[in-house]
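In what follows, a structure is listed as structure tokens, so that the remarks can point back to it.
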Protein chains: 2
Amino acid sequence: MVRAGLTADRLARVGAELADEIGFEQVTVSALARRVGVKVASLYSHLANSRDLKTRIALLALEELADRAADALAGRAGKDALVAFADVYRDYARAHPGRYAAAQFRLDPETAAASAGVRHAQMTRAILRGYDLAEPDQTHAVRLLGSVFHGYVSLELAGGFSHSAPDSQESWTRALDALDALLRNWRAPGPSPSP
Amino acid sequence: MVRAGLTADRLARVGAELADEIGFEQVTVSALARRVGVKVASLYSHLANSRDLKTRIALLALEELADRAADALAGRAGKDALVAFADVYRDYARAHPGRYAAAQFRLDPETAAASAGVRHAQMTRAILRGYDLAEPDQTHAVRLLGSVFHGYVSLELAGGFSHSAPDSQESWTRALDALDALLRNWRAPGPSPSP
DNA sequence: GCATCTGCCTAAAACCTTTAGGCAAATGCC
DNA sequence: GGCATTTGCCTAAAGGTTTTAGGCAGATGC
């Protein structure tokens, strides 16, 4: 009976790999046990239950994503920061679709409050420092940015933009250009013209 | 042995109700059988399998959503159409979270091509007729609109904007104002200033 | 060298999915 | 109306996932 040397952290890492390979939805305690070559019940010494496993994978993904975003943001400001930050999300989702899906997992409020999710919010606000927005506009802008990033990336991941012209990269660039322009002129929405 | 009068369509409708009550993820053939007061195996005369059930609920949701959007769009143009269309999505998601989640269910390509999903795409393009965009900008704009609508609604549904000032409705209105302004000035992104 | 602890095991119950085969009610035909 | 067929729901059963309980052996500590 050779010991496999399992820990909750290692299981979360293996679970994250599994998520990228078979999809976050398909990650089960059973599948994870098969992957690490151990009987199912053995995992319950390390994991409280199935939701606990998913939560750990989600936290891992949120942290990885926040680390990469922080790296990308270092030394950048304005549109440069905006684009670098956005690209981190998109690239991460494409390289690690299962982990990205995990990052969307609905955590209970206390867990969420202690997660890297708060770093994400802070970094989004940091980007907006380059655009000079006061509250409550800053919050509106945070929500809009989050919506576009998450919305675009998840639609792209769902295959929405694939295999049809123009290239998705082109639309992404245009979306970021548009956001930048929007943030620079935030205060001047202009009246709706009557054509 | 009283017959319950089940059909695939009726099961999809009951499944949709169930999704709104317990969440789309939790809709199982078993739960549906309990709800309609029938043994589990009986449903397999009407449904091919569990995925088939979810697919039918998804198609139903897509169609309901498309019907409402078409109603909202009738007789409107420009920003008026944009806001009405967007509100349909947001209101539907808040009134029927399970169905909205179902509408996100990944259909296989053939099913998707035959679904009401294509009407959604057509309607989005119809809105853009009020903004005078040529290809490929129209496609870029379709993708951006879809991203903002879906992104905002799903973040709001996930509880992202709840219980924190300012009100989510306010941010939504500002987001739509911003989109409208963006679409009106699509061709003028303007150069990035060096501060 | 022995006691304890830890890590993985077997066993088992509960639930979900899916298939196979049966019986009775509804339907259609003469 | 009587009979055959079809239809609709049933029981039975196998396979998979989740979770708990209890056991045994290897690692750790004095």
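We label chains A, B, ... in the order they appear in the structure tokens, count residues from 1 in each chain, and number ligands from 1 in the order shown.
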
Taking only residues of chain A that have an atom at most 8 Å from an atom of chain B, what is each one's shortest atom pair and its distance in Å to one decimal, using only C-alpha atoms, in chain and number order, as a tab-separated table?
residue	atom	partner	partner_atom	distance
A:Lys79	CA	B:Ser192	CA	7.5
A:Arg106	CA	B:Ala158	CA	6.9
A:Pro136	CA	B:Pro166	CA	6.5
A:Thr139	CA	B:Pro166	CA	7.4
A:His140	CA	B:Ser171	CA	4.8
A:Arg143	CA	B:Ser171	CA	7.2
A:Leu144	CA	B:Ala175	CA	6.2
A:Gly146	CA	B:Gly151	CA	7.4
A:Ser147	CA	B:Gly151	CA	4.1
A:Val148	CA	B:Val148	CA	4.9
A:Phe149	CA	B:Gly151	CA	7.5
A:His150	CA	B:Gly151	CA	5.5
A:Gly151	CA	B:Gly151	CA	3.7
A:Tyr152	CA	B:Ser147	CA	4.6
A:Leu155	CA	B:Ser147	CA	6.9
A:Ala158	CA	B:Arg106	CA	6.9
A:Phe161	CA	B:Arg143	CA	7.8
A:Pro166	CA	B:Pro136	CA	6.5
A:Glu170	CA	B:His140	CA	7.8
A:Ser171	CA	B:His140	CA	4.8
A:Arg174	CA	B:His140	CA	7.0
A:Ala175	CA	B:Leu144	CA	6.2
A:Asp177	CA	B:Pro189	CA	6.7
A:Ala178	CA	B:Pro189	CA	6.4
A:Ala181	CA	B:Pro189	CA	5.7
A:Leu182	CA	B:Ala178	CA	7.0
A:Trp186	CA	B:Ala178	CA	7.9
A:Pro189	CA	B:Ala181	CA	5.7
A:Gly190	CA	B:Ala181	CA	6.9
A:Ser192	CA	B:Lys79	CA	7.5

Q: Identify all chain D residues at most 9 Å from chain B by counting only C-alpha atoms (C1' of nucleotides); ligands do not count. Present them as a ChimeraX atom specification.
A: /D:8-10

Please dump the current selection as an mmCIF file, in the first residue's frame; keep C-alpha atoms (C1' of nucleotides).
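Here's the written file part.cif:
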data_model
loop_
_atom_site.group_PDB
_atom_site.id
_atom_site.type_symbol
_atom_site.label_atom_id
_atom_site.label_comp_id
_atom_site.auth_asym_id
_atom_site.auth_seq_id
_atom_site.Cartn_x
_atom_site.Cartn_y
_atom_site.Cartn_z
ATOM 1 C "C1'" DG D 8 -48.014 5.066 -21.656
ATOM 2 C "C1'" DC D 9 -46.514 4.080 -17.475
ATOM 3 C "C1'" DC D 10 -44.763 0.380 -14.527
#

I need the contact residues of chain C against chain A, so if you could list those with any atom within 8 Å, counting only C-alpha atoms (C1' of nucleotides), and return them as a short mmCIF file (atom, residue, chain, number, x, y, z; two decimals) with N, CA and C atoms (P, O5', C5', C4', C3', O3' and C1' of nucleotides), in the first residue's frame, that would help.
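selection_2.cif, written as the output of this step:
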data_model
loop_
_atom_site.label_atom_id
_atom_site.label_comp_id
_atom_site.auth_asym_id
_atom_site.auth_seq_id
_atom_site.Cartn_x
_atom_site.Cartn_y
_atom_site.Cartn_z
P DG C 7 -1.91 12.21 6.54
"O5'" DG C 7 -2.07 10.83 5.78
"C5'" DG C 7 -0.92 10.09 5.42
"C4'" DG C 7 -1.34 8.94 4.52
"C3'" DG C 7 -2.38 9.35 3.47
"O3'" DG C 7 -2.13 8.62 2.28
"C1'" DG C 7 -3.29 7.69 4.87
P DC C 8 -2.81 9.06 0.92
"O5'" DC C 8 -3.62 7.75 0.53
"C5'" DC C 8 -2.92 6.55 0.30
"C4'" DC C 8 -3.78 5.37 0.65
"C3'" DC C 8 -5.05 5.23 -0.19
"O3'" DC C 8 -4.97 4.08 -1.02
"C1'" DC C 8 -5.43 4.78 2.13
P DC C 9 -6.21 3.61 -1.88
"O5'" DC C 9 -6.88 2.47 -0.98
"C5'" DC C 9 -6.13 1.33 -0.65
"C4'" DC C 9 -6.93 0.40 0.25
"C3'" DC C 9 -8.32 0.09 -0.27
"O3'" DC C 9 -8.35 -1.19 -0.87
"C1'" DC C 9 -8.40 0.76 2.03
#

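If only C-alpha atoms are the atoms counted, then among B:Ala72, B:Ala114, B:Ala101, B:Met123 the closest residue to Lys54 in chain B is B:Ala101.
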
Q: DSSP on the backbone, then: every residue of range 48-123 of chain A marked alpha helix (DSSP H), written as an NGL selection string.
A: :A and (50-73 or 78-95 or 97-103 or 109-113 or 117-123)

May I have the residues within 10 Å of DT17 in chain C as a compact mmCIF listing (two decimals) with N, CA, C and O atoms (P, O5', C5', C4', C3', O3' and C1' of nucleotides), in the first residue's frame, using only C-alpha atoms (C1' of nucleotides) and disregarding those fewer than 2 positions away in the same chain?
# COMPACT_ATOMS: atom_id res chain seq x y z
N THR B 28 -32.75 17.43 -12.99
CA THR B 28 -32.38 16.08 -13.39
C THR B 28 -33.63 15.35 -13.84
O THR B 28 -34.75 15.80 -13.57
N VAL B 29 -33.44 14.25 -14.52
CA VAL B 29 -34.58 13.44 -14.93
C VAL B 29 -35.34 12.97 -13.69
O VAL B 29 -36.58 12.96 -13.67
N SER B 30 -34.61 12.64 -12.65
CA SER B 30 -35.25 12.21 -11.40
C SER B 30 -36.11 13.31 -10.81
O SER B 30 -37.26 13.07 -10.43
N VAL B 40 -39.27 7.44 -12.73
CA VAL B 40 -38.20 7.98 -13.56
C VAL B 40 -38.15 7.35 -14.95
O VAL B 40 -38.08 8.06 -15.96
N ALA B 41 -38.21 6.04 -14.99
CA ALA B 41 -38.05 5.35 -16.27
C ALA B 41 -39.10 5.77 -17.29
O ALA B 41 -38.87 5.71 -18.49
N ASN B 49 -32.42 11.22 -23.23
CA ASN B 49 -31.52 11.13 -22.08
C ASN B 49 -31.51 12.48 -21.36
O ASN B 49 -32.26 13.39 -21.71
N SER B 50 -30.65 12.58 -20.39
CA SER B 50 -30.61 13.77 -19.57
C SER B 50 -30.23 15.02 -20.38
O SER B 50 -30.80 16.10 -20.21
P DT C 19 -30.23 4.27 -22.88
O5' DT C 19 -30.57 2.74 -22.51
C5' DT C 19 -29.54 1.89 -22.01
C4' DT C 19 -30.09 0.50 -21.74
C3' DT C 19 -31.09 0.00 -22.78
O3' DT C 19 -30.81 -1.37 -23.07
C1' DT C 19 -32.06 -0.09 -20.62
P DG D 15 -23.31 -3.99 -14.66
O5' DG D 15 -23.01 -2.42 -14.65
C5' DG D 15 -23.29 -1.64 -15.81
C4' DG D 15 -23.07 -0.17 -15.48
C3' DG D 15 -21.82 0.08 -14.62
O3' DG D 15 -21.14 1.22 -15.11
C1' DG D 15 -23.71 1.00 -13.57
P DG D 16 -19.75 1.64 -14.50
O5' DG D 16 -20.03 3.09 -13.92
C5' DG D 16 -20.54 4.11 -14.80
C4' DG D 16 -20.95 5.30 -13.95
C3' DG D 16 -19.87 5.73 -12.95
O3' DG D 16 -19.59 7.12 -13.08
C1' DG D 16 -21.97 5.41 -11.87
